[in-house]
file upload_34.json (JSON, C-alpha atoms)
[["chain", "number", "residue", "atom", "x", "y", "z"],
["A", 1, "GLY", "CA", -3.65, -13.51, -3.68],
["A", 2, "ASP", "CA", -5.32, -14.05, -7.00],
["A", 3, "SER", "CA", -4.26, -12.03, -10.01],
["A", 4, "VAL", "CA", -4.83, -11.64, -13.73],
["A", 5, "THR", "CA", -2.26, -10.32, -16.19],
["A", 6, "GLN", "CA", -3.33, -9.33, -19.67],
["A", 7, "THR", "CA", -1.96, -7.49, -22.68],
["A", 8, "GLU", "CA", -1.48, -3.91, -21.55],
["A", 9, "GLY", "CA", -2.46, -0.66, -23.18],
["A", 10, "GLN", "CA", -3.97, -0.42, -26.62],
["A", 11, "VAL", "CA", -3.85, -2.86, -29.49],
["A", 12, "THR", "CA", -4.47, -1.45, -32.95],
["A", 13, "VAL", "CA", -5.40, -3.85, -35.70],
["A", 14, "SER", "CA", -6.75, -3.45, -39.22],
["A", 15, "GLU", "CA", -10.19, -4.71, -40.13],
["A", 16, "SER", "CA", -10.27, -8.36, -41.27],
["A", 17, "LYS", "CA", -6.95, -9.11, -39.52],
["A", 18, "SER", "CA", -6.57, -11.47, -36.61],
["A", 19, "LEU", "CA", -6.46, -10.42, -32.97],
["A", 20, "ILE", "CA", -5.07, -12.05, -29.86],
["A", 21, "ILE", "CA", -5.20, -10.63, -26.34],
["A", 22, "ASN", "CA", -3.04, -12.51, -23.88],
["A", 23, "CYS", "CA", -4.32, -13.39, -20.42],
["A", 24, "THR", "CA", -2.56, -15.38, -17.72],
["A", 25, "TYR", "CA", -3.75, -15.88, -14.19],
["A", 26, "SER", "CA", -2.68, -16.91, -10.73],
["A", 27, "ALA", "CA", -5.39, -18.42, -8.55],
["A", 28, "THR", "CA", -3.62, -19.13, -5.28],
["A", 29, "SER", "CA", -6.71, -18.88, -3.08],
["A", 30, "ILE", "CA", -9.20, -20.49, -5.43],
["A", 31, "GLY", "CA", -7.21, -23.29, -6.95],
["A", 32, "TYR", "CA", -9.58, -24.08, -9.76],
["A", 33, "PRO", "CA", -11.18, -20.87, -10.99],
["A", 34, "ASN", "CA", -13.83, -20.02, -13.52],
["A", 35, "LEU", "CA", -12.55, -17.77, -16.29],
["A", 36, "PHE", "CA", -14.32, -14.91, -18.05],
["A", 37, "TRP", "CA", -13.88, -12.32, -20.75],
["A", 38, "TYR", "CA", -15.90, -9.14, -20.38],
["A", 39, "VAL", "CA", -16.15, -6.32, -22.93],
["A", 40, "ARG", "CA", -17.04, -2.66, -22.68],
["A", 41, "TYR", "CA", -18.05, -1.02, -25.94],
["A", 42, "PRO", "CA", -17.85, 2.79, -26.19],
["A", 43, "GLY", "CA", -20.61, 4.41, -24.16],
["A", 44, "GLU", "CA", -21.89, 1.12, -22.81],
["A", 45, "GLY", "CA", -21.59, -0.90, -19.64],
["A", 46, "LEU", "CA", -19.55, -3.99, -18.97],
["A", 47, "GLN", "CA", -20.99, -7.12, -20.53],
["A", 48, "LEU", "CA", -20.01, -10.76, -20.51],
["A", 49, "LEU", "CA", -18.38, -11.91, -23.73],
["A", 50, "LEU", "CA", -17.67, -15.53, -22.84],
["A", 51, "LYS", "CA", -16.93, -17.82, -19.92],
["A", 52, "VAL", "CA", -15.33, -21.24, -19.37],
["A", 53, "ILE", "CA", -15.52, -23.26, -16.16],
["A", 54, "THR", "CA", -13.71, -26.46, -17.15],
["A", 55, "ALA", "CA", -10.02, -26.77, -17.93],
["A", 56, "GLY", "CA", -9.34, -27.72, -21.53],
["A", 57, "GLN", "CA", -12.66, -26.37, -22.73],
["A", 58, "LYS", "CA", -13.11, -23.53, -25.18],
["A", 59, "GLY", "CA", -15.64, -20.74, -24.99],
["A", 60, "SER", "CA", -16.83, -18.74, -27.98],
["A", 61, "SER", "CA", -19.04, -15.77, -28.71],
["A", 62, "ARG", "CA", -19.37, -13.19, -31.50],
["A", 63, "GLY", "CA", -16.48, -14.83, -33.35],
["A", 64, "PHE", "CA", -14.17, -14.68, -30.33],
["A", 65, "GLU", "CA", -12.68, -17.80, -28.75],
["A", 66, "ALA", "CA", -10.73, -18.51, -25.58],
["A", 67, "THR", "CA", -9.41, -21.82, -24.26],
["A", 68, "TYR", "CA", -8.94, -22.58, -20.57],
["A", 69, "ASN", "CA", -5.35, -23.84, -20.36],
["A", 70, "LYS", "CA", -4.77, -24.98, -16.79],
["A", 71, "GLU", "CA", -1.16, -26.08, -17.37],
["A", 72, "ALA", "CA", -0.13, -22.72, -18.80],
["A", 73, "THR", "CA", -2.61, -20.84, -16.55],
["A", 74, "SER", "CA", -3.73, -18.94, -19.61],
["A", 75, "PHE", "CA", -7.01, -17.84, -21.18],
["A", 76, "HIS", "CA", -6.05, -15.92, -24.32],
["A", 77, "LEU", "CA", -8.78, -14.28, -26.38],
["A", 78, "GLN", "CA", -8.60, -14.66, -30.15],
["A", 79, "LYS", "CA", -10.55, -13.65, -33.20],
["A", 80, "ALA", "CA", -9.61, -14.63, -36.73],
["A", 81, "SER", "CA", -11.05, -11.60, -38.49],
["A", 82, "VAL", "CA", -11.98, -8.45, -36.58],
["A", 83, "GLN", "CA", -14.50, -5.82, -37.54],
["A", 84, "GLU", "CA", -14.60, -2.14, -36.71],
["A", 85, "SER", "CA", -17.46, -2.88, -34.30],
["A", 86, "ASP", "CA", -15.05, -4.95, -32.18],
["A", 87, "SER", "CA", -13.37, -1.76, -31.01],
["A", 88, "ALA", "CA", -13.79, -1.89, -27.24],
["A", 89, "VAL", "CA", -12.02, -2.54, -23.96],
["A", 90, "TYR", "CA", -11.64, -6.22, -23.09],
["A", 91, "TYR", "CA", -11.19, -7.54, -19.55],
["A", 92, "CYS", "CA", -10.03, -10.97, -18.51],
["A", 93, "ALA", "CA", -11.32, -12.11, -15.10],
["A", 94, "LEU", "CA", -11.33, -15.09, -12.80],
["A", 95, "GLY", "CA", -13.75, -16.13, -10.10],
["A", 96, "PRO", "CA", -14.35, -18.92, -7.63],
["A", 97, "ASN", "CA", -16.27, -22.08, -8.45],
["A", 98, "SER", "CA", -18.33, -21.74, -5.29],
["A", 99, "ALA", "CA", -20.85, -19.52, -3.61],
["A", 100, "GLY", "CA", -20.07, -15.89, -4.21],
["A", 101, "ASN", "CA", -18.86, -14.52, -7.49],
["A", 102, "LYS", "CA", -16.24, -11.99, -6.55],
["A", 103, "LEU", "CA", -14.20, -11.53, -9.68],
["A", 104, "THR", "CA", -10.56, -10.57, -10.01],
["A", 105, "PHE", "CA", -10.00, -8.53, -13.17],
["A", 106, "GLY", "CA", -7.06, -7.76, -15.39],
["A", 107, "ILE", "CA", -6.30, -4.14, -16.24],
["A", 108, "GLY", "CA", -8.17, -4.22, -19.53],
["A", 109, "THR", "CA", -6.95, -4.05, -23.12],
["A", 110, "ARG", "CA", -8.23, -1.37, -25.44],
["A", 111, "VAL", "CA", -8.68, -2.65, -28.98],
["A", 112, "LEU", "CA", -8.92, -0.22, -31.85],
["A", 113, "VAL", "CA", -9.88, -1.68, -35.19],
["A", 114, "ARG", "CA", -8.98, 0.49, -38.16],
["A", 115, "PRO", "CA", -11.21, 0.35, -41.21],
["B", 1, "GLU", "CA", -35.07, -8.80, -19.01],
["B", 2, "ALA", "CA", -32.27, -8.97, -16.46],
["B", 3, "ALA", "CA", -30.96, -5.53, -15.65],
["B", 4, "VAL", "CA", -28.71, -3.56, -13.36],
["B", 5, "THR", "CA", -29.42, 0.18, -13.33],
["B", 6, "GLN", "CA", -27.05, 2.74, -11.89],
["B", 7, "SER", "CA", -27.73, 6.37, -11.10],
["B", 8, "PRO", "CA", -26.56, 8.96, -11.66],
["B", 9, "ARG", "CA", -24.58, 8.18, -14.80],
["B", 10, "ASN", "CA", -22.30, 11.14, -14.21],
["B", 11, "LYS", "CA", -21.55, 13.10, -11.06],
["B", 12, "VAL", "CA", -19.25, 15.98, -10.26],
["B", 13, "THR", "CA", -18.56, 17.01, -6.69],
["B", 14, "VAL", "CA", -15.97, 18.91, -4.72],
["B", 15, "THR", "CA", -13.42, 17.64, -2.25],
["B", 16, "GLY", "CA", -15.16, 16.97, 1.05],
["B", 17, "GLY", "CA", -18.52, 16.58, -0.60],
["B", 18, "ASN", "CA", -21.09, 13.90, 0.17],
["B", 19, "VAL", "CA", -22.01, 11.54, -2.67],
["B", 20, "THR", "CA", -24.38, 8.60, -2.93],
["B", 21, "LEU", "CA", -24.30, 6.26, -5.91],
["B", 22, "SER", "CA", -27.35, 4.09, -6.43],
["B", 23, "CYS", "CA", -27.76, 0.66, -7.94],
["B", 24, "ARG", "CA", -30.93, -1.31, -8.54],
["B", 25, "GLN", "CA", -31.20, -4.82, -9.94],
["B", 26, "THR", "CA", -34.36, -6.50, -11.13],
["B", 27, "ASN", "CA", -32.84, -9.96, -11.45],
["B", 28, "SER", "CA", -33.83, -11.34, -8.04],
["B", 29, "HIS", "CA", -30.13, -11.89, -7.39],
["B", 30, "ASN", "CA", -28.87, -12.23, -3.87],
["B", 31, "TYR", "CA", -25.35, -10.90, -4.46],
["B", 32, "MET", "CA", -24.51, -7.31, -5.36],
["B", 33, "TYR", "CA", -21.13, -5.66, -5.81],
["B", 34, "TRP", "CA", -19.52, -2.26, -6.20],
["B", 35, "TYR", "CA", -16.33, -1.99, -8.25],
["B", 36, "ARG", "CA", -14.21, 0.94, -9.30],
["B", 37, "GLN", "CA", -12.35, 1.00, -12.59],
["B", 38, "ASP", "CA", -9.20, 3.04, -13.06],
["B", 39, "THR", "CA", -6.69, 3.13, -15.86],
["B", 40, "GLY", "CA", -3.89, 0.71, -15.10],
["B", 41, "HIS", "CA", -5.85, -1.12, -12.41],
["B", 42, "GLY", "CA", -8.78, -2.81, -14.06],
["B", 43, "LEU", "CA", -11.84, -3.26, -11.85],
["B", 44, "ARG", "CA", -11.33, -3.44, -8.11],
["B", 45, "LEU", "CA", -13.92, -4.60, -5.59],
["B", 46, "ILE", "CA", -14.99, -2.00, -3.02],
["B", 47, "HIS", "CA", -17.89, -3.63, -1.16],
["B", 48, "TYR", "CA", -20.36, -6.41, -1.77],
["B", 49, "SER", "CA", -23.45, -7.87, -0.17],
["B", 50, "TYR", "CA", -25.10, -11.27, 0.14],
["B", 51, "GLY", "CA", -28.56, -9.85, 0.73],
["B", 52, "ALA", "CA", -30.62, -7.12, 2.33],
["B", 53, "GLY", "CA", -28.89, -5.80, 5.44],
["B", 54, "ASN", "CA", -25.65, -7.66, 4.72],
["B", 55, "LEU", "CA", -22.37, -5.94, 3.89],
["B", 56, "GLN", "CA", -18.97, -7.40, 3.11],
["B", 57, "ILE", "CA", -15.70, -5.54, 2.71],
["B", 58, "GLY", "CA", -13.93, -5.78, -0.62],
["B", 59, "ASP", "CA", -10.35, -5.14, -1.62],
["B", 60, "VAL", "CA", -10.33, -1.31, -1.68],
["B", 61, "PRO", "CA", -12.91, -0.21, 0.94],
["B", 62, "ASP", "CA", -11.15, 2.84, 2.43],
["B", 63, "GLY", "CA", -13.23, 6.00, 2.15],
["B", 64, "TYR", "CA", -16.39, 4.14, 1.16],
["B", 65, "LYS", "CA", -19.47, 2.95, 2.94],
["B", 66, "ALA", "CA", -22.23, 0.87, 1.47],
["B", 67, "THR", "CA", -25.72, -0.11, 2.41],
["B", 68, "ARG", "CA", -28.04, -2.79, 1.04],
["B", 69, "THR", "CA", -31.56, -1.67, 1.91],
["B", 70, "THR", "CA", -33.50, -4.29, -0.04],
["B", 71, "GLN", "CA", -32.68, -7.20, -2.27],
["B", 72, "GLU", "CA", -32.91, -4.81, -5.22],
["B", 73, "ASP", "CA", -31.05, -1.75, -3.96],
["B", 74, "PHE", "CA", -27.39, -1.28, -3.11],
["B", 75, "PHE", "CA", -25.89, 2.13, -2.38],
["B", 76, "LEU", "CA", -22.31, 3.34, -2.28],
["B", 77, "LEU", "CA", -21.61, 6.32, -0.02],
["B", 78, "LEU", "CA", -18.69, 8.70, -0.13],
["B", 79, "GLU", "CA", -19.08, 10.92, 2.93],
["B", 80, "LEU", "CA", -15.94, 13.01, 2.45],
["B", 81, "ALA", "CA", -15.08, 12.69, -1.20],
["B", 82, "SER", "CA", -11.45, 13.07, -2.24],
["B", 83, "PRO", "CA", -9.87, 13.52, -5.69],
["B", 84, "SER", "CA", -8.45, 9.99, -5.40],
["B", 85, "GLN", "CA", -12.01, 8.72, -5.64],
["B", 86, "THR", "CA", -12.43, 10.13, -9.12],
["B", 87, "SER", "CA", -13.21, 6.98, -11.04],
["B", 88, "LEU", "CA", -15.70, 4.95, -13.04],
["B", 89, "TYR", "CA", -17.90, 2.93, -10.70],
["B", 90, "PHE", "CA", -19.66, -0.28, -11.67],
["B", 91, "CYS", "CA", -22.38, -2.11, -9.83],
["B", 92, "ALA", "CA", -23.07, -5.79, -10.48],
["B", 93, "SER", "CA", -25.38, -8.53, -9.31],
["B", 94, "SER", "CA", -25.18, -12.31, -9.39],
["B", 95, "GLU", "CA", -26.73, -15.48, -8.12],
["B", 96, "PRO", "CA", -24.62, -17.63, -5.81],
["B", 97, "GLY", "CA", -23.86, -21.30, -6.18],
["B", 98, "GLN", "CA", -21.68, -23.68, -8.08],
["B", 99, "GLY", "CA", -20.66, -22.96, -11.62],
["B", 100, "ALA", "CA", -19.87, -19.83, -13.55],
["B", 101, "ARG", "CA", -22.63, -17.48, -12.50],
["B", 102, "ALA", "CA", -21.21, -14.52, -14.34],
["B", 103, "PRO", "CA", -22.18, -11.25, -12.65],
["B", 104, "LEU", "CA", -24.34, -8.80, -14.58],
["B", 105, "PHE", "CA", -23.01, -5.26, -14.64],
["B", 106, "GLY", "CA", -24.60, -1.87, -14.88],
["B", 107, "GLU", "CA", -23.54, 0.86, -17.29],
["B", 108, "GLY", "CA", -21.33, 2.62, -14.79],
["B", 109, "THR", "CA", -21.27, 5.95, -12.97],
["B", 110, "ARG", "CA", -18.48, 8.36, -13.77],
["B", 111, "LEU", "CA", -17.56, 10.38, -10.69],
["B", 112, "SER", "CA", -15.28, 13.41, -10.70],
["B", 113, "VAL", "CA", -14.10, 14.90, -7.42],
["B", 114, "LEU", "CA", -12.61, 18.36, -7.95]]

call {"tool": "encode", "arguments": {"input": "upload_34.json", "output": "structure tokens"}}
result
Amino acid sequence: GDSVTQTEGQVTVSESKSLIINCTYSATSIGYPNLFWYVRYPGEGLQLLLKVITAGQKGSSRGFEATYNKEATSFHLQKASVQESDSAVYYCALGPNSAGNKLTFGIGTRVLVRP
Amino acid sequence: EAAVTQSPRNKVTVTGGNVTLSCRQTNSHNYMYWYRQDTGHGLRLIHYSYGAGNLQIGDVPDGYKATRTTQEDFFLLLELASPSQTSLYFCASSEPGQGARAPLFGEGTRLSVL
């Protein structure tokens, strides 16, 4: 089946430092998936951070970037300079490029940004 | 504004209890989903629906029923709740079709089964 593997547990980073959360995927049933990053801030629901549907393309939002690397089956999330407000749980997900949007999620990575 | 509203936000019940989680979307979306989120597992799909009266089984359906009464409303039912169903539940809605129609999620319902 399809699966997503991302950086496990908690990542602690100091404000203004760079952040990378690794995400790799296996899309055996889909073949050519759409890729997403969702974020859940403390006390809030899950919200879309960015999405990319074409291999080789890069998505960006709120200073975060992720590139769809089909060869490496990766979709790593990066930010050059984090802020305390970026403290949240980040989820990598994949979905089909067809009717129906059932997503397969990674386990989530908790990011704690220290002031 | 597009929205998915879940209720209640928090629920505590006892083993064997009967629980209904509600979800309403005002996005005119055809698809709705129920996920559970547990530490170490990410979000896992319980049930989903293509429209009113339709129900599809997800990846972790055991112990859950669902019903889609209207296009807007999707309910998750736990008729004999067990401690293993203690979790954070998310509802989502989306529009079908080609391209990355990213589902919109609600704020979640935290359920504790004692």

call {"tool": "atom_distance", "arguments": {"input": "upload_34.json", "atom1": "atom CA of Leu21 of chain B", "atom2": "atom CA of Leu78 of chain B"}}
result
8.4 Å

call {"tool": "residues_around", "arguments": {"input": "upload_34.json", "residues": "Cys91 of chain B", "least_positions_apart": "2", "cutoff": "10 Å", "atoms": "only C-alpha atoms", "output": "PDB file with C-alpha atoms, in the frame of the given file"}}
result
ATOM      1  CA  GLY A  45     -21.590  -0.900 -19.640  1.00  0.00           C
ATOM      2  CA  LEU A  46     -19.550  -3.990 -18.970  1.00  0.00           C
TER       3      LEU A  46
ATOM      4  CA  VAL B   4     -28.710  -3.560 -13.360  1.00  0.00           C
ATOM      5  CA  THR B   5     -29.420   0.180 -13.330  1.00  0.00           C
ATOM      6  CA  GLN B   6     -27.050   2.740 -11.890  1.00  0.00           C
ATOM      7  CA  LEU B  21     -24.300   6.260  -5.910  1.00  0.00           C
ATOM      8  CA  SER B  22     -27.350   4.090  -6.430  1.00  0.00           C
ATOM      9  CA  CYS B  23     -27.760   0.660  -7.940  1.00  0.00           C
ATOM     10  CA  ARG B  24     -30.930  -1.310  -8.540  1.00  0.00           C
ATOM     11  CA  GLN B  25     -31.200  -4.820  -9.940  1.00  0.00           C
ATOM     12  CA  MET B  32     -24.510  -7.310  -5.360  1.00  0.00           C
ATOM     13  CA  TYR B  33     -21.130  -5.660  -5.810  1.00  0.00           C
ATOM     14  CA  TRP B  34     -19.520  -2.260  -6.200  1.00  0.00           C
ATOM     15  CA  TYR B  35     -16.330  -1.990  -8.250  1.00  0.00           C
ATOM     16  CA  ARG B  36     -14.210   0.940  -9.300  1.00  0.00           C
ATOM     17  CA  LEU B  45     -13.920  -4.600  -5.590  1.00  0.00           C
ATOM     18  CA  HIS B  47     -17.890  -3.630  -1.160  1.00  0.00           C
ATOM     19  CA  TYR B  48     -20.360  -6.410  -1.770  1.00  0.00           C
ATOM     20  CA  PHE B  74     -27.390  -1.280  -3.110  1.00  0.00           C
ATOM     21  CA  PHE B  75     -25.890   2.130  -2.380  1.00  0.00           C
ATOM     22  CA  LEU B  76     -22.310   3.340  -2.280  1.00  0.00           C
ATOM     23  CA  TYR B  89     -17.900   2.930 -10.700  1.00  0.00           C
ATOM     24  CA  SER B  93     -25.380  -8.530  -9.310  1.00  0.00           C
ATOM     25  CA  PRO B 103     -22.180 -11.250 -12.650  1.00  0.00           C
ATOM     26  CA  LEU B 104     -24.340  -8.800 -14.580  1.00  0.00           C
ATOM     27  CA  PHE B 105     -23.010  -5.260 -14.640  1.00  0.00           C
ATOM     28  CA  GLY B 106     -24.600  -1.870 -14.880  1.00  0.00           C
ATOM     29  CA  GLU B 107     -23.540   0.860 -17.290  1.00  0.00           C
ATOM     30  CA  GLY B 108     -21.330   2.620 -14.790  1.00  0.00           C
ATOM     31  CA  THR B 109     -21.270   5.950 -12.970  1.00  0.00           C
TER      32      THR B 109
END

call {"tool": "interface_residues", "arguments": {"input": "upload_34.json", "of": "chain B", "to": "chain A", "cutoff": "9 Å", "atoms": "all atoms listed in the file", "output": "ChimeraX atom specification"}}
result
/B:31,33,37-45,48,50,58,90,94-108

call {"tool": "closest_residue", "arguments": {"input": "upload_34.json", "among": "A:Leu112, A:Ala55, A:Ala27, A:Ala72", "to": "Asp86 of chain A", "atoms": "only C-alpha atoms"}}
result
A:Leu112

call {"tool": "atom_distance", "arguments": {"input": "upload_34.json", "atom1": "atom CA of Asp62 of chain B", "atom2": "atom CA of Ile46 of chain B"}}
result
8.2 Å

call {"tool": "residues_near_point", "arguments": {"input": "upload_34.json", "point": "(-5.0, -12.2, -36.9)", "cutoff": "12 Å", "atoms": "only C-alpha atoms", "output": "ChimeraX atom specification"}}
result
/A:11-21,64,77-83,113

call {"tool": "closest_residue", "arguments": {"input": "upload_34.json", "among": "A:Cys23, A:Val89, A:Ala66, A:Val39", "to": "Thr5 of chain A", "atoms": "all atoms listed in the file"}}
result
A:Cys23

call {"tool": "atom_distance", "arguments": {"input": "upload_34.json", "atom1": "atom CA of Lys65 of chain B", "atom2": "atom CA of Asn18 of chain B"}}
result
11.4 Å

call {"tool": "closest_residue", "arguments": {"input": "upload_34.json", "among": "A:Gly1, A:Gly56, A:Gly63, A:Pro115", "to": "Glu84 of chain A", "atoms": "all atoms listed in the file"}}
result
A:Pro115

call {"tool": "closest_residue", "arguments": {"input": "upload_34.json", "among": "B:Asn54, B:Asn30, B:Ser7, B:Leu111", "to": "Ser84 of chain B", "atoms": "all atoms listed in the file"}}
result
B:Leu111

call {"tool": "axis_aligned_box", "arguments": {"input": "upload_34.json", "around": "segment 82-95 of chain B", "padding_each_side": "5 Å", "output": "lines of an AutoDock Vina configuration file"}}
result
center_x = -17.6
center_y = -1.0
center_z = -7.6
size_x = 28.3
size_y = 39.0
size_z = 20.8

call {"tool": "decode", "arguments": {"input": "upload_34.json", "residues": "segment 24-48 of chain B", "atoms": "N, CA and C atoms", "output": "mmCIF file, in the first residue's frame"}}
result
data_model
loop_
_atom_site.group_PDB
_atom_site.id
_atom_site.type_symbol
_atom_site.label_atom_id
_atom_site.label_comp_id
_atom_site.auth_asym_id
_atom_site.auth_seq_id
_atom_site.Cartn_x
_atom_site.Cartn_y
_atom_site.Cartn_z
ATOM 1 N N ARG B 24 -20.119 19.072 10.329
ATOM 2 C CA ARG B 24 -20.888 19.818 9.343
ATOM 3 C C ARG B 24 -19.953 20.654 8.499
ATOM 4 N N GLN B 25 -20.136 20.603 7.172
ATOM 5 C CA GLN B 25 -19.347 21.434 6.282
ATOM 6 C C GLN B 25 -20.273 22.334 5.474
ATOM 7 N N THR B 26 -19.814 23.548 5.287
ATOM 8 C CA THR B 26 -20.600 24.541 4.549
ATOM 9 C C THR B 26 -19.905 24.904 3.245
ATOM 10 N N ASN B 27 -19.178 23.940 2.680
ATOM 11 C CA ASN B 27 -18.365 24.187 1.501
ATOM 12 C C ASN B 27 -18.987 23.655 0.215
ATOM 13 N N SER B 28 -20.160 23.039 0.344
ATOM 14 C CA SER B 28 -20.813 22.376 -0.797
ATOM 15 C C SER B 28 -19.922 21.284 -1.390
ATOM 16 N N HIS B 29 -19.115 20.661 -0.543
ATOM 17 C CA HIS B 29 -18.259 19.571 -0.997
ATOM 18 C C HIS B 29 -19.031 18.264 -1.015
ATOM 19 N N ASN B 30 -18.680 17.418 -1.959
ATOM 20 C CA ASN B 30 -19.326 16.117 -2.027
ATOM 21 C C ASN B 30 -18.682 15.104 -1.083
ATOM 22 N N TYR B 31 -17.364 15.189 -0.915
ATOM 23 C CA TYR B 31 -16.646 14.184 -0.142
ATOM 24 C C TYR B 31 -16.467 14.640 1.313
ATOM 25 N N MET B 32 -16.678 13.696 2.225
ATOM 26 C CA MET B 32 -16.386 13.944 3.638
ATOM 27 C C MET B 32 -15.686 12.731 4.222
ATOM 28 N N TYR B 33 -14.852 12.984 5.235
ATOM 29 C CA TYR B 33 -13.981 11.943 5.772
ATOM 30 C C TYR B 33 -13.942 12.036 7.302
ATOM 31 N N TRP B 34 -13.731 10.903 7.930
ATOM 32 C CA TRP B 34 -13.400 10.848 9.345
ATOM 33 C C TRP B 34 -12.041 10.168 9.505
ATOM 34 N N TYR B 35 -11.141 10.867 10.211
ATOM 35 C CA TYR B 35 -9.826 10.341 10.528
ATOM 36 C C TYR B 35 -9.659 10.294 12.049
ATOM 37 N N ARG B 36 -8.791 9.422 12.497
ATOM 38 C CA ARG B 36 -8.332 9.475 13.879
ATOM 39 C C ARG B 36 -6.826 9.713 13.877
ATOM 40 N N GLN B 37 -6.383 10.449 14.893
ATOM 41 C CA GLN B 37 -4.967 10.782 14.985
ATOM 42 C C GLN B 37 -4.433 10.316 16.329
ATOM 43 N N ASP B 38 -3.435 9.458 16.278
ATOM 44 C CA ASP B 38 -2.821 8.908 17.476
ATOM 45 C C ASP B 38 -1.315 9.068 17.385
ATOM 46 N N THR B 39 -0.713 9.297 18.522
ATOM 47 C CA THR B 39 0.742 9.429 18.574
ATOM 48 C C THR B 39 1.392 8.192 17.963
ATOM 49 N N GLY B 40 2.325 8.427 17.058
ATOM 50 C CA GLY B 40 3.029 7.321 16.425
ATOM 51 C C GLY B 40 2.336 6.748 15.211
ATOM 52 N N HIS B 41 1.136 7.249 14.900
ATOM 53 C CA HIS B 41 0.394 6.722 13.754
ATOM 54 C C HIS B 41 -0.019 7.793 12.757
ATOM 55 N N GLY B 42 0.110 9.039 13.073
ATOM 56 C CA GLY B 42 -0.406 10.032 12.154
ATOM 57 C C GLY B 42 -1.919 9.951 12.070
ATOM 58 N N LEU B 43 -2.490 10.413 10.977
ATOM 59 C CA LEU B 43 -3.934 10.347 10.777
ATOM 60 C C LEU B 43 -4.274 9.095 9.975
ATOM 61 N N ARG B 44 -5.307 8.401 10.440
ATOM 62 C CA ARG B 44 -5.745 7.193 9.750
ATOM 63 C C ARG B 44 -7.227 7.318 9.407
ATOM 64 N N LEU B 45 -7.572 6.888 8.211
ATOM 65 C CA LEU B 45 -8.920 7.058 7.687
ATOM 66 C C LEU B 45 -9.858 5.995 8.236
ATOM 67 N N ILE B 46 -10.971 6.430 8.828
ATOM 68 C CA ILE B 46 -11.938 5.506 9.415
ATOM 69 C C ILE B 46 -13.045 5.194 8.411
ATOM 70 N N HIS B 47 -13.781 6.235 8.016
ATOM 71 C CA HIS B 47 -14.837 6.110 7.011
ATOM 72 C C HIS B 47 -14.855 7.377 6.175
ATOM 73 N N TYR B 48 -15.442 7.273 4.983
ATOM 74 C CA TYR B 48 -15.631 8.452 4.168
ATOM 75 C C TYR B 48 -16.890 8.292 3.331
#
